[in-house]
Amino acid sequence: ISDLSGSVNDTLPVNVLSVNDAPVYTFDTPPAASEGEFYFHTISAQDVDAGDVLTFTAPQLPSWLELSGSLLTGKPGFQHTGENTVTIRVSDGTVDVDTTFIINVIMTNQKPYISTTPVTAVNEDEDYVYHIQYQDPDAGDIIVLYADVIPDWLTLDVNQNRLTGTPTNDQVGFKADSTFQVTLRVSDTKQDSTQTFEIVVTNINDAPVISGQVDIPVSYPDSSLTVSLDDLTVQDVDNPDTDLEVMIFSGTGYSVTGKIVTINSGVSGQIEIR
């Protein structure tokens with residue numbers, strides 16, 4: 001301090017008051033996400049005010065994303081492809097600072113799949129029909145249906161998306177049933193998926209057929225004869241010959257005792273044999 005008479009020096013204390021400074025974000029621009037893949041990104045900020053504790057919240061998040069502490073995580077689906085707006089808020093307890101950015105979800109190809117439950121049982125000589133339906137999450141994909149494994153009695157109609165056929169006794173033989181493996185496949189030319197199942201064909205009994213017989217001479221007065229399986233020509237697609245039995249039924253002009261047929265004198269006609 002000075003005047004015309006002189007000057008005086010003195011030291012005065014100056015008190016600098018602390019003013020809260022807002023936190024500042026320090027994280028990089030979030031990268032894009034891929035549909036169907038796990039995504040994560042760390043949010044960071046700093047505060048020049050020593051001792052301030054920063055907390056993060058998210059006023060705006062897409063449904064597939066969540067914020068835990070300072071970590072964004074999630075797995076976007078097909079419906080989330082495109083731009084997703086995110087707003088993050090950081091607070092030091094006094095000041096809140098928001099930042100908004102876009103996470104772009106990139107579409108990736110999803111596998112087509114067969115959505116119907118297969119028909120897995122059919123009786124011999126009955127029609128088998130399986131109406132096939134398939135789905136693809138990616139709109140616009142062209143789907144092609146294939147039959148990688150099918151038995152020869154089945155046919156795949158790719159225009160009607162149907163698997164059809166009629167199993168016969170050739171498919172079961174003497175067995176009670178037979179099992180056949182089927183593998184269907186759908187492709188969008190980029191990815192495939194398969195459906196594998198078994199079809200059980202149940203044997204339905206077919207009656208044996210007598211197609212011929214040997215001549216059995218009969219003399220009188222001993223007018224009786226014995227009929228055995230060896231005297232007949234028999235076909236049975238369901239049973240071996242050893243499982244067959246001859247049955248003779250009583251009729252006009254003769255009588256039956258077990259396998260012995262007694263023919264009345266002077267009678268001619270037919271004998272019913274099963």
# chains A, B, ... in the order shown; residues from 1 in each chain; ligands from 1

call {"tool": "closest_atom_pairs", "arguments": {"of": "range 65-174 of chain A", "to": "range 52-58 of chain A", "cutoff": "10 Å", "atoms": "only C-alpha atoms", "output": "tab-separated table"}}
result
residue	atom	partner	partner_atom	distance
A:Glu66	CA	A:Ala58	CA	8.4
A:Leu67	CA	A:Ala58	CA	6.8
A:Ser68	CA	A:Phe56	CA	8.6
A:Gly69	CA	A:Phe56	CA	6.4
A:Ser70	CA	A:Phe56	CA	6.2
A:Leu71	CA	A:Phe56	CA	9.4
A:Leu72	CA	A:Ala58	CA	9.7
A:Val86	CA	A:Ala58	CA	7.6
A:Thr87	CA	A:Ala58	CA	5.8
A:Ile88	CA	A:Ala58	CA	4.5
A:Arg89	CA	A:Thr57	CA	5.2
A:Val90	CA	A:Phe56	CA	4.6
A:Ser91	CA	A:Thr55	CA	5.4
A:Asp92	CA	A:Leu54	CA	4.7
A:Gly93	CA	A:Val53	CA	7.4
A:Thr94	CA	A:Asp52	CA	9.3
A:Asp96	CA	A:Thr55	CA	9.5
A:Val97	CA	A:Phe56	CA	9.7
A:Asp98	CA	A:Ala58	CA	9.0
A:Thr99	CA	A:Ala58	CA	9.7
A:Thr100	CA	A:Ala58	CA	9.8

call {"tool": "write_last_selection", "arguments": {"atoms": "C-alpha atoms", "output": "PDB file, in the first residue's frame"}}
result
ATOM      1  CA  GLU A  66     -28.321 -54.538 -18.493  1.00  0.00           C
ATOM      2  CA  LEU A  67     -25.927 -52.413 -16.445  1.00  0.00           C
ATOM      3  CA  SER A  68     -24.203 -53.987 -13.464  1.00  0.00           C
ATOM      4  CA  GLY A  69     -21.905 -51.539 -11.713  1.00  0.00           C
ATOM      5  CA  SER A  70     -20.017 -50.096 -14.644  1.00  0.00           C
ATOM      6  CA  LEU A  71     -20.389 -53.092 -16.971  1.00  0.00           C
ATOM      7  CA  LEU A  72     -22.904 -53.302 -19.802  1.00  0.00           C
ATOM      8  CA  VAL A  86     -28.545 -46.212 -24.495  1.00  0.00           C
ATOM      9  CA  THR A  87     -28.423 -43.458 -21.887  1.00  0.00           C
ATOM     10  CA  ILE A  88     -25.954 -43.716 -18.989  1.00  0.00           C
ATOM     11  CA  ARG A  89     -25.929 -41.466 -15.933  1.00  0.00           C
ATOM     12  CA  VAL A  90     -22.914 -40.964 -13.652  1.00  0.00           C
ATOM     13  CA  SER A  91     -23.243 -39.236 -10.290  1.00  0.00           C
ATOM     14  CA  ASP A  92     -20.726 -38.049  -7.718  1.00  0.00           C
ATOM     15  CA  GLY A  93     -23.493 -37.574  -5.157  1.00  0.00           C
ATOM     16  CA  THR A  94     -23.929 -33.909  -6.057  1.00  0.00           C
ATOM     17  CA  ASP A  96     -25.492 -36.081 -12.392  1.00  0.00           C
ATOM     18  CA  VAL A  97     -24.086 -36.262 -15.917  1.00  0.00           C
ATOM     19  CA  ASP A  98     -25.872 -38.131 -18.704  1.00  0.00           C
ATOM     20  CA  THR A  99     -24.447 -39.455 -21.944  1.00  0.00           C
ATOM     21  CA  THR A 100     -26.411 -41.051 -24.781  1.00  0.00           C
TER      22      THR A 100
END

call {"tool": "residues_around", "arguments": {"residues": "Gln195 in chain A", "least_positions_apart": "2", "cutoff": "7 Å", "atoms": "only C-alpha atoms", "output": "PyMOL selection string"}}
result
chain A and resi 114+183-185+197

call {"tool": "write_last_selection", "arguments": {"atoms": "N, CA and C atoms", "output": "CSV table (one decimal), in the first residue's frame"}}
result
chain,number,residue,atom,x,y,z
A,114,ILE,N,-36.8,-77.6,-38.1
A,114,ILE,CA,-38.1,-78.3,-38.3
A,114,ILE,C,-38.9,-78.2,-37.0
A,183,THR,N,-33.8,-89.3,-41.1
A,183,THR,CA,-33.1,-88.1,-40.9
A,183,THR,C,-33.6,-87.1,-41.9
A,184,LEU,N,-34.2,-86.0,-41.5
A,184,LEU,CA,-34.6,-84.9,-42.4
A,184,LEU,C,-33.7,-83.7,-42.1
A,185,ARG,N,-33.6,-82.9,-43.1
A,185,ARG,CA,-32.7,-81.7,-43.0
A,185,ARG,C,-33.3,-80.5,-43.7
A,197,PHE,N,-35.4,-89.3,-36.3
A,197,PHE,CA,-36.4,-90.0,-35.5
A,197,PHE,C,-36.5,-91.5,-36.0

call {"tool": "closest_residue", "arguments": {"among": "A:Thr73, A:Thr120, A:Ser223, A:Asn161", "to": "Val200 in chain A", "atoms": "only C-alpha atoms"}}
result
A:Thr120

call {"tool": "select_by_dssp", "arguments": {"residues": "range 91-127 of chain A", "states": "strand (DSSP E)", "output": "VMD selection string"}}
result
chain A and resid 91 96 to 106 113 to 114 121 to 123

call {"tool": "atom_distance", "arguments": {"atom1": "CA of Ser63 in chain A", "atom2": "CA of Ser34 in chain A"}}
result
15.2 Å

call {"tool": "atom_distance", "arguments": {"atom1": "CA of Ile248 in chain A", "atom2": "CA of Gly212 in chain A"}}
result
15.7 Å

call {"tool": "closest_residue", "arguments": {"among": "A:Thr233, A:Asn109, A:Thr196, A:Thr226", "to": "Gly258 in chain A", "atoms": "only C-alpha atoms"}}
result
A:Thr226

call {"tool": "residues_around", "arguments": {"residues": "range 121-133 of chain A", "least_positions_apart": "4", "cutoff": "6 Å", "atoms": "only C-alpha atoms", "output": "PDB file with N, CA, C and O atoms, in the first residue's frame"}}
result
ATOM      1  N   ILE A 114     -36.813 -77.615 -38.148  1.00  0.00           N
ATOM      2  CA  ILE A 114     -38.098 -78.291 -38.307  1.00  0.00           C
ATOM      3  C   ILE A 114     -38.850 -78.164 -36.990  1.00  0.00           C
ATOM      4  O   ILE A 114     -38.339 -78.545 -35.933  1.00  0.00           O
ATOM      5  N   SER A 115     -40.069 -77.623 -37.058  1.00  0.00           N
ATOM      6  CA  SER A 115     -40.807 -77.299 -35.834  1.00  0.00           C
ATOM      7  C   SER A 115     -41.890 -78.309 -35.483  1.00  0.00           C
ATOM      8  O   SER A 115     -42.481 -78.227 -34.407  1.00  0.00           O
ATOM      9  N   THR A 116     -42.172 -79.252 -36.365  1.00  0.00           N
ATOM     10  CA  THR A 116     -43.235 -80.215 -36.098  1.00  0.00           C
ATOM     11  C   THR A 116     -42.689 -81.483 -35.434  1.00  0.00           C
ATOM     12  O   THR A 116     -41.511 -81.811 -35.565  1.00  0.00           O
ATOM     13  N   ASN A 161     -44.128 -80.696 -48.735  1.00  0.00           N
ATOM     14  CA  ASN A 161     -43.503 -80.876 -47.415  1.00  0.00           C
ATOM     15  C   ASN A 161     -44.153 -82.038 -46.668  1.00  0.00           C
ATOM     16  O   ASN A 161     -44.560 -81.923 -45.504  1.00  0.00           O
ATOM     17  N   ARG A 162     -44.228 -83.180 -47.359  1.00  0.00           N
ATOM     18  CA  ARG A 162     -44.843 -84.359 -46.770  1.00  0.00           C
ATOM     19  C   ARG A 162     -43.938 -85.568 -46.941  1.00  0.00           C
ATOM     20  O   ARG A 162     -43.329 -85.757 -47.996  1.00  0.00           O
ATOM     21  N   LEU A 163     -43.899 -86.402 -45.897  1.00  0.00           N
ATOM     22  CA  LEU A 163     -43.222 -87.688 -45.954  1.00  0.00           C
ATOM     23  C   LEU A 163     -44.320 -88.749 -45.927  1.00  0.00           C
ATOM     24  O   LEU A 163     -45.094 -88.819 -44.970  1.00  0.00           O
ATOM     25  N   THR A 164     -44.415 -89.567 -46.993  1.00  0.00           N
ATOM     26  CA  THR A 164     -45.516 -90.517 -47.107  1.00  0.00           C
ATOM     27  C   THR A 164     -45.005 -91.879 -47.555  1.00  0.00           C
ATOM     28  O   THR A 164     -43.935 -92.004 -48.152  1.00  0.00           O
ATOM     29  N   GLY A 165     -45.832 -92.898 -47.287  1.00  0.00           N
ATOM     30  CA  GLY A 165     -45.516 -94.248 -47.729  1.00  0.00           C
ATOM     31  C   GLY A 165     -46.424 -95.257 -47.058  1.00  0.00           C
ATOM     32  O   GLY A 165     -47.119 -94.942 -46.087  1.00  0.00           O
ATOM     33  N   THR A 166     -46.406 -96.487 -47.581  1.00  0.00           N
ATOM     34  CA  THR A 166     -47.225 -97.572 -47.023  1.00  0.00           C
ATOM     35  C   THR A 166     -46.336 -98.788 -46.819  1.00  0.00           C
ATOM     36  O   THR A 166     -45.922 -99.426 -47.801  1.00  0.00           O
ATOM     37  N   PRO A 167     -46.030 -99.125 -45.588  1.00  0.00           N
ATOM     38  CA  PRO A 167     -45.205-100.306 -45.351  1.00  0.00           C
ATOM     39  C   PRO A 167     -46.024-101.588 -45.569  1.00  0.00           C
ATOM     40  O   PRO A 167     -47.222-101.626 -45.270  1.00  0.00           O
ATOM     41  N   THR A 168     -45.385-102.593 -46.107  1.00  0.00           N
ATOM     42  CA  THR A 168     -46.030-103.877 -46.343  1.00  0.00           C
ATOM     43  C   THR A 168     -45.386-104.930 -45.460  1.00  0.00           C
ATOM     44  O   THR A 168     -44.509-104.629 -44.640  1.00  0.00           O
ATOM     45  N   ILE A 199     -39.271 -94.707 -36.956  1.00  0.00           N
ATOM     46  CA  ILE A 199     -40.650 -95.107 -37.217  1.00  0.00           C
ATOM     47  C   ILE A 199     -40.767 -96.601 -36.938  1.00  0.00           C
ATOM     48  O   ILE A 199     -40.003 -97.403 -37.480  1.00  0.00           O
ATOM     49  N   VAL A 200     -41.714 -96.970 -36.086  1.00  0.00           N
ATOM     50  CA  VAL A 200     -41.962 -98.375 -35.770  1.00  0.00           C
ATOM     51  C   VAL A 200     -43.155 -98.857 -36.600  1.00  0.00           C
ATOM     52  O   VAL A 200     -44.257 -98.313 -36.496  1.00  0.00           O
ATOM     53  N   VAL A 201     -42.910 -99.872 -37.426  1.00  0.00           N
ATOM     54  CA  VAL A 201     -43.962-100.489 -38.229  1.00  0.00           C
ATOM     55  C   VAL A 201     -44.425-101.755 -37.517  1.00  0.00           C
ATOM     56  O   VAL A 201     -43.626-102.670 -37.279  1.00  0.00           O
ATOM     57  N   THR A 202     -45.706-101.794 -37.163  1.00  0.00           N
ATOM     58  CA  THR A 202     -46.271-102.938 -36.450  1.00  0.00           C
ATOM     59  C   THR A 202     -46.848-103.948 -37.429  1.00  0.00           C
ATOM     60  O   THR A 202     -47.601-103.590 -38.342  1.00  0.00           O
ATOM     61  N   ASN A 203     -46.484-105.214 -37.238  1.00  0.00           N
ATOM     62  CA  ASN A 203     -46.958-106.289 -38.101  1.00  0.00           C
ATOM     63  C   ASN A 203     -48.439-106.557 -37.831  1.00  0.00           C
ATOM     64  O   ASN A 203     -48.856-106.737 -36.692  1.00  0.00           O
ATOM     65  N   ILE A 204     -49.241-106.547 -38.896  1.00  0.00           N
ATOM     66  CA  ILE A 204     -50.656-106.915 -38.817  1.00  0.00           C
ATOM     67  C   ILE A 204     -50.807-108.288 -39.459  1.00  0.00           C
ATOM     68  O   ILE A 204     -50.411-108.490 -40.616  1.00  0.00           O
TER      69      ILE A 204
END
